[in-house]
Amino acid sequence: MPESKYQFLLIPPFRLPATTQWGYQTLHLDGALPKTERLMNAEMTMPYLDGINWDLHPGAEPTYGDWPVETREEFTYAADARLKNIREACESGNYNGVVLLGGGEPGFAEAREMCRSFGIVCTANGHAQMYLATMLGNKFSVIDIAGVHNVYYRDLIYTHQLQNRCASIRNIGMRLPRPGVSEGPTLRAERDKALAGEQSIAVDNAIEQAELALMEDGAEVITLGCSGVFWLKPFIQAGLDERGWEVPVLEGYSSSILLAKLMIDLGVNASGITYMADHPQRLPGKITM
């Protein structure tokens with residue numbers, strides 16, 4: 001690829017070991033494979049990487065177990081494992097942008113603080129699509145997997161101070177595989193059905209929940225929670241279009257990649273007060289609420 005002003009590292013929240021017994025439903029694969037084969041939902045994401053020199057980190061294996069993250073505890077372990085790799089990327093001098101993959105964005109605040117100290121912009125999937133949604137409509141709803149991930153994602157919305165702009169968090173009635181949750185249709189199988197043109201429970205449920213968010217909750221924009229459901233974006237958009245709704249649907253990969261480009265184009269980074277260095281040149285007299 002020709003030289004580009006965008007030198008990005010995309011880094012997933014974790015990588016499950018090859019020996020996992022919990023059939024991983026998304027597409028983070030063996031780090032030895034080419035990056036275009038490892039990138040989740042590459043067919044949707046690659047157009048947004050046009051003109052960018054990018055690397056895809058294989059991700060760190062989580063220390064809590066060999067299943068996908070859902071609980072607050074698991075997200076904390078995932079953040080700790082990922083932050084070490086982000087620091088290595090910053091110290092390498094190879095990148096001016098770090099894009100954190102994963103809807104739950106573990107370690108985002110800490111990564112942003114770290115990246116800023118190296119003059120690197122850092123974006124994340126949830127943050128980017130939520131704030132983009134606020135520019136497109138009054139309130140947004142989140143379509144997510146089921147279970148504890150919903151309340152974790154609610155915490156994320158409060159962290160980003162967008163609780164007054166979020167209409168609801170709805171789920172498609174499916175969870176990621178984990179101990180005690182191993183029966184029923186999987187997101188990976190439902191994705192394969194949908195891409196093959198077959199009927200998919202995940203697609204049907206997602207469109208139904210998105211329409212209910214518009215009709216009952218006051219949503220005007222639809223976003224997606226767990227990155228395991230990002231593949232649903234074009235199906236939800238098409239389903240709402242068919243039902244007469246003129247409403248945008250967002251997913252995190254494209255939103256965070258384009259936000260990183262925008263920040264570089266504008267020559268801006270996160271505030272040095274919000275993400276203060278350990279030795280700032282100036283200190284505010286007080287921090288206000």
# chains A, B, ... in the order shown; residues from 1 in each chain; ligands from 1
$ residues_around --residues "segment 94-98 of chain A" --least-positions-apart "3" --cutoff "7 Å" --atoms "only C-alpha atoms" --output "list in words"
Tyr6, Gln7, Phe8, Leu9, Leu10, Cys90, Ile120, Val121, Cys122, Thr123 and Ala260 of chain A
$ select_by_dssp --residues "segment 203-255 of chain A" --states "alpha helix (DSSP H)" --output "JSON list (two decimals) with N, CA and C atoms, in the first residue's frame"
[["chain", "number", "residue", "atom", "x", "y", "z"],
["A", 203, "VAL", "N", -31.43, -12.38, 13.04],
["A", 203, "VAL", "CA", -31.86, -11.27, 12.20],
["A", 203, "VAL", "C", -33.30, -10.90, 12.50],
["A", 204, "ASP", "N", -34.17, -11.89, 12.56],
["A", 204, "ASP", "CA", -35.59, -11.61, 12.84],
["A", 204, "ASP", "C", -35.77, -10.91, 14.17],
["A", 205, "ASN", "N", -35.08, -11.41, 15.20],
["A", 205, "ASN", "CA", -35.21, -10.81, 16.53],
["A", 205, "ASN", "C", -34.64, -9.40, 16.56],
["A", 206, "ALA", "N", -33.51, -9.19, 15.87],
["A", 206, "ALA", "CA", -32.87, -7.87, 15.87],
["A", 206, "ALA", "C", -33.76, -6.83, 15.19],
["A", 207, "ILE", "N", -34.35, -7.18, 14.07],
["A", 207, "ILE", "CA", -35.24, -6.24, 13.37],
["A", 207, "ILE", "C", -36.46, -5.93, 14.23],
["A", 208, "GLU", "N", -37.02, -6.96, 14.85],
["A", 208, "GLU", "CA", -38.20, -6.76, 15.69],
["A", 208, "GLU", "C", -37.89, -5.85, 16.87],
["A", 209, "GLN", "N", -36.75, -6.10, 17.54],
["A", 209, "GLN", "CA", -36.38, -5.28, 18.70],
["A", 209, "GLN", "C", -36.04, -3.85, 18.28],
["A", 210, "ALA", "N", -35.42, -3.69, 17.12],
["A", 210, "ALA", "CA", -35.11, -2.34, 16.64],
["A", 210, "ALA", "C", -36.40, -1.56, 16.37],
["A", 211, "GLU", "N", -37.38, -2.22, 15.75],
["A", 211, "GLU", "CA", -38.64, -1.53, 15.48],
["A", 211, "GLU", "C", -39.37, -1.19, 16.78],
["A", 212, "LEU", "N", -39.35, -2.09, 17.75],
["A", 212, "LEU", "CA", -39.97, -1.80, 19.04],
["A", 212, "LEU", "C", -39.29, -0.62, 19.74],
["A", 233, "LYS", "N", -25.84, -5.27, 11.31],
["A", 233, "LYS", "CA", -26.11, -3.90, 10.88],
["A", 233, "LYS", "C", -26.83, -3.82, 9.53],
["A", 234, "PRO", "N", -26.30, -4.41, 8.45],
["A", 234, "PRO", "CA", -27.00, -4.28, 7.16],
["A", 234, "PRO", "C", -28.36, -4.97, 7.15],
["A", 235, "PHE", "N", -28.52, -6.02, 7.92],
["A", 235, "PHE", "CA", -29.80, -6.73, 7.96],
["A", 235, "PHE", "C", -30.86, -5.90, 8.70],
["A", 236, "ILE", "N", -30.46, -5.27, 9.82],
["A", 236, "ILE", "CA", -31.39, -4.40, 10.54],
["A", 236, "ILE", "C", -31.76, -3.21, 9.67],
["A", 237, "GLN", "N", -30.76, -2.61, 9.02],
["A", 237, "GLN", "CA", -31.03, -1.46, 8.17],
["A", 237, "GLN", "C", -32.01, -1.81, 7.06],
["A", 238, "ALA", "N", -31.77, -2.95, 6.40],
["A", 238, "ALA", "CA", -32.67, -3.38, 5.32],
["A", 238, "ALA", "C", -34.07, -3.68, 5.85],
["A", 239, "GLY", "N", -34.13, -4.33, 7.02],
["A", 239, "GLY", "CA", -35.44, -4.67, 7.60],
["A", 239, "GLY", "C", -36.24, -3.44, 7.97],
["A", 240, "LEU", "N", -35.58, -2.43, 8.56],
["A", 240, "LEU", "CA", -36.29, -1.20, 8.91],
["A", 240, "LEU", "C", -36.70, -0.44, 7.66],
["A", 241, "ASP", "N", -35.81, -0.43, 6.65],
["A", 241, "ASP", "CA", -36.15, 0.24, 5.39],
["A", 241, "ASP", "C", -37.41, -0.38, 4.78],
["A", 242, "GLU", "N", -37.49, -1.70, 4.80],
["A", 242, "GLU", "CA", -38.65, -2.39, 4.22],
["A", 242, "GLU", "C", -39.94, -2.05, 4.97],
["A", 252, "GLY", "N", -19.91, -0.44, 15.46],
["A", 252, "GLY", "CA", -18.75, 0.17, 16.08],
["A", 252, "GLY", "C", -17.47, 0.23, 15.26],
["A", 253, "TYR", "N", -17.19, -0.77, 14.42],
["A", 253, "TYR", "CA", -15.92, -0.79, 13.69],
["A", 253, "TYR", "C", -15.81, 0.43, 12.78],
["A", 254, "SER", "N", -16.80, 0.63, 11.91],
["A", 254, "SER", "CA", -16.73, 1.75, 10.97],
["A", 254, "SER", "C", -16.72, 3.08, 11.71],
["A", 255, "SER", "N", -17.54, 3.20, 12.75],
["A", 255, "SER", "CA", -17.62, 4.47, 13.48],
["A", 255, "SER", "C", -16.28, 4.83, 14.12]]
$ select_by_dssp --residues "segment 13-199 of chain A" --states "strand (DSSP E)" --output "list in words"
Asn53, Trp54, Asp55, Leu56, Gly97, Val98, Val99, Leu100, Val121, Cys122, Thr123, Ala124, Phe140, Ser141, Val142, Ile143, Asp144, Cys166, Ala167, Ser168, Ile169, Arg170 and Asn171 of chain A
$ residues_around --residues "Arg72 of chain A" --least-positions-apart "4" --cutoff "10 Å" --atoms "only C-alpha atoms" --output "ChimeraX atom specification"
/A:76-78,104,106,148-149,151-153,155
$ write_last_selection --atoms "N, CA and C atoms" --output "JSON list (two decimals), in the first residue's frame"
[["chain", "number", "residue", "atom", "x", "y", "z"],
["A", 76, "THR", "N", -12.76, -6.58, 33.10],
["A", 76, "THR", "CA", -11.58, -6.02, 33.79],
["A", 76, "THR", "C", -10.33, -6.82, 33.47],
["A", 77, "TYR", "N", -10.44, -8.14, 33.48],
["A", 77, "TYR", "CA", -9.30, -8.98, 33.11],
["A", 77, "TYR", "C", -8.90, -8.74, 31.66],
["A", 78, "ALA", "N", -9.89, -8.60, 30.78],
["A", 78, "ALA", "CA", -9.60, -8.36, 29.36],
["A", 78, "ALA", "C", -8.89, -7.02, 29.18],
["A", 104, "GLY", "N", -17.77, -3.69, 24.14],
["A", 104, "GLY", "CA", -17.64, -3.31, 25.54],
["A", 104, "GLY", "C", -16.42, -2.47, 25.84],
["A", 106, "PRO", "N", -13.17, -2.68, 26.65],
["A", 106, "PRO", "CA", -12.41, -2.77, 27.90],
["A", 106, "PRO", "C", -11.10, -2.01, 27.83],
["A", 148, "VAL", "N", -26.05, -10.52, 31.17],
["A", 148, "VAL", "CA", -25.34, -9.55, 31.99],
["A", 148, "VAL", "C", -24.65, -8.50, 31.13],
["A", 149, "HIS", "N", -24.38, -8.80, 29.87],
["A", 149, "HIS", "CA", -23.75, -7.81, 28.99],
["A", 149, "HIS", "C", -24.62, -6.56, 28.88],
["A", 151, "VAL", "N", -26.44, -5.05, 31.26],
["A", 151, "VAL", "CA", -26.22, -4.14, 32.38],
["A", 151, "VAL", "C", -24.79, -3.60, 32.37],
["A", 152, "TYR", "N", -23.84, -4.39, 31.88],
["A", 152, "TYR", "CA", -22.48, -3.86, 31.68],
["A", 152, "TYR", "C", -22.52, -2.72, 30.69],
["A", 153, "TYR", "N", -23.26, -2.88, 29.61],
["A", 153, "TYR", "CA", -23.33, -1.84, 28.58],
["A", 153, "TYR", "C", -24.05, -0.60, 29.12],
["A", 155, "ASP", "N", -23.73, 0.45, 32.14],
["A", 155, "ASP", "CA", -22.64, 1.14, 32.85],
["A", 155, "ASP", "C", -21.81, 1.98, 31.88]]
$ decode --residues "segment 85-226 of chain A" --atoms "C-alpha atoms" --output "compact mmCIF listing (two decimals), in the first residue's frame"
# COMPACT_ATOMS: atom_id res chain seq x y z
CA ASN A 85 -0.16 -4.69 24.19
CA ILE A 86 -1.39 -1.15 23.63
CA ARG A 87 1.62 0.23 25.51
CA GLU A 88 3.94 -1.85 23.34
CA ALA A 89 2.23 -0.47 20.25
CA CYS A 90 2.60 3.11 21.50
CA GLU A 91 6.28 2.61 22.31
CA SER A 92 6.95 1.11 18.87
CA GLY A 93 6.44 4.47 17.16
CA ASN A 94 4.64 2.73 14.28
CA TYR A 95 1.17 4.18 14.76
CA ASN A 96 -0.70 7.48 15.02
CA GLY A 97 -4.05 5.82 15.70
CA VAL A 98 -5.20 2.92 17.88
CA VAL A 99 -8.72 1.56 17.36
CA LEU A 100 -10.05 -0.62 20.17
CA LEU A 101 -12.27 -3.34 18.75
CA GLY A 102 -15.05 -4.83 20.88
CA GLY A 103 -18.40 -3.32 21.81
CA GLY A 104 -17.64 -3.31 25.54
CA GLU A 105 -14.37 -1.40 24.90
CA PRO A 106 -12.41 -2.77 27.90
CA GLY A 107 -9.62 -0.43 28.98
CA PHE A 108 -10.70 2.49 26.77
CA ALA A 109 -10.20 5.30 29.30
CA GLU A 110 -6.80 3.93 30.33
CA ALA A 111 -5.77 3.35 26.71
CA ARG A 112 -6.81 6.87 25.78
CA GLU A 113 -4.70 8.32 28.60
CA MET A 114 -1.75 6.20 27.51
CA CYS A 115 -2.09 6.89 23.78
CA ARG A 116 -2.42 10.63 24.31
CA SER A 117 0.91 10.72 26.12
CA PHE A 118 2.49 9.36 22.92
CA GLY A 119 0.55 11.74 20.63
CA ILE A 120 -1.62 8.89 19.33
CA VAL A 121 -5.38 9.11 18.90
CA CYS A 122 -7.41 6.29 20.43
CA THR A 123 -11.01 5.41 19.61
CA ALA A 124 -13.37 2.63 20.67
CA ASN A 125 -16.47 0.99 19.26
CA GLY A 126 -19.11 1.91 21.82
CA HIS A 127 -17.99 5.49 22.39
CA ALA A 128 -17.68 6.31 18.68
CA GLN A 129 -21.06 5.00 17.59
CA MET A 130 -22.91 6.42 20.59
CA TYR A 131 -21.64 9.94 20.00
CA LEU A 132 -22.22 9.69 16.26
CA ALA A 133 -25.77 8.60 17.04
CA THR A 134 -26.35 11.78 19.07
CA MET A 135 -25.55 13.81 15.94
CA LEU A 136 -28.10 11.89 13.88
CA GLY A 137 -31.11 11.90 16.17
CA ASN A 138 -32.40 12.90 19.59
CA LYS A 139 -32.13 9.45 21.20
CA PHE A 140 -30.57 6.12 20.28
CA SER A 141 -31.29 2.56 21.32
CA VAL A 142 -28.83 -0.31 21.59
CA ILE A 143 -29.46 -3.78 20.15
CA ASP A 144 -27.35 -6.22 22.13
CA ILE A 145 -26.89 -9.85 23.07
CA ALA A 146 -28.86 -10.99 26.12
CA GLY A 147 -27.80 -11.32 29.74
CA VAL A 148 -25.34 -9.55 31.99
CA HIS A 149 -23.75 -7.81 28.99
CA ASN A 150 -26.83 -5.54 28.90
CA VAL A 151 -26.22 -4.14 32.38
CA TYR A 152 -22.48 -3.86 31.68
CA TYR A 153 -23.33 -1.84 28.58
CA ARG A 154 -25.66 0.35 30.66
CA ASP A 155 -22.64 1.14 32.85
CA LEU A 156 -20.76 2.12 29.69
CA ILE A 157 -23.50 4.53 28.67
CA TYR A 158 -23.35 6.18 32.08
CA THR A 159 -19.55 6.36 31.82
CA HIS A 160 -19.90 8.28 28.55
CA GLN A 161 -22.58 10.51 30.17
CA LEU A 162 -25.14 9.61 27.53
CA GLN A 163 -27.89 8.19 29.75
CA ASN A 164 -30.20 11.05 28.73
CA ARG A 165 -29.62 10.35 25.04
CA CYS A 166 -30.14 6.58 25.23
CA ALA A 167 -33.73 5.40 24.89
CA SER A 168 -33.17 1.73 25.74
CA ILE A 169 -30.99 -1.35 25.56
CA ARG A 170 -32.83 -4.23 23.91
CA ASN A 171 -31.53 -7.73 23.29
CA ILE A 172 -32.00 -10.44 20.67
CA GLY A 173 -32.50 -13.23 23.22
CA MET A 174 -29.13 -14.88 22.55
CA ARG A 175 -25.96 -15.05 24.64
CA LEU A 176 -22.35 -15.86 23.89
CA PRO A 177 -21.29 -19.41 24.82
CA ARG A 178 -19.84 -19.83 28.31
CA PRO A 179 -20.00 -22.29 31.20
CA GLY A 180 -23.68 -23.01 31.82
CA VAL A 181 -24.77 -21.45 28.51
CA SER A 182 -24.04 -23.84 25.69
CA GLU A 183 -27.40 -24.81 24.17
CA GLY A 184 -29.59 -23.26 21.51
CA PRO A 185 -28.71 -21.43 18.28
CA THR A 186 -25.37 -19.64 18.14
CA LEU A 187 -24.69 -16.21 16.72
CA ARG A 188 -22.05 -17.68 14.43
CA ALA A 189 -24.52 -20.21 12.98
CA GLU A 190 -27.21 -17.54 12.61
CA ARG A 191 -24.72 -15.27 10.84
CA ASP A 192 -23.84 -18.04 8.41
CA LYS A 193 -27.55 -18.60 7.68
CA ALA A 194 -28.16 -14.91 7.07
CA LEU A 195 -25.17 -14.55 4.75
CA ALA A 196 -26.40 -17.59 2.82
CA GLY A 197 -29.79 -15.96 2.31
CA GLU A 198 -31.58 -18.25 4.77
CA GLN A 199 -33.92 -17.20 7.55
CA SER A 200 -32.05 -16.30 10.73
CA ILE A 201 -33.54 -16.07 14.23
CA ALA A 202 -30.91 -13.46 15.15
CA VAL A 203 -31.86 -11.27 12.20
CA ASP A 204 -35.59 -11.61 12.84
CA ASN A 205 -35.21 -10.81 16.53
CA ALA A 206 -32.87 -7.87 15.87
CA ILE A 207 -35.24 -6.24 13.37
CA GLU A 208 -38.20 -6.76 15.69
CA GLN A 209 -36.38 -5.28 18.70
CA ALA A 210 -35.11 -2.34 16.64
CA GLU A 211 -38.64 -1.53 15.48
CA LEU A 212 -39.97 -1.80 19.04
CA ALA A 213 -37.23 0.61 20.16
CA LEU A 214 -38.53 3.12 17.58
CA MET A 215 -42.21 2.57 18.34
CA GLU A 216 -42.17 2.15 22.12
CA ASP A 217 -38.94 3.63 23.52
CA GLY A 218 -38.55 6.84 21.55
CA ALA A 219 -35.35 5.84 19.74
CA GLU A 220 -34.50 7.70 16.52
CA VAL A 221 -31.16 5.97 15.78
CA ILE A 222 -30.18 2.32 16.25
CA THR A 223 -26.74 1.27 17.51
CA LEU A 224 -25.27 -2.15 18.30
CA GLY A 225 -23.80 -3.35 21.60
CA CYS A 226 -21.56 -6.43 21.64
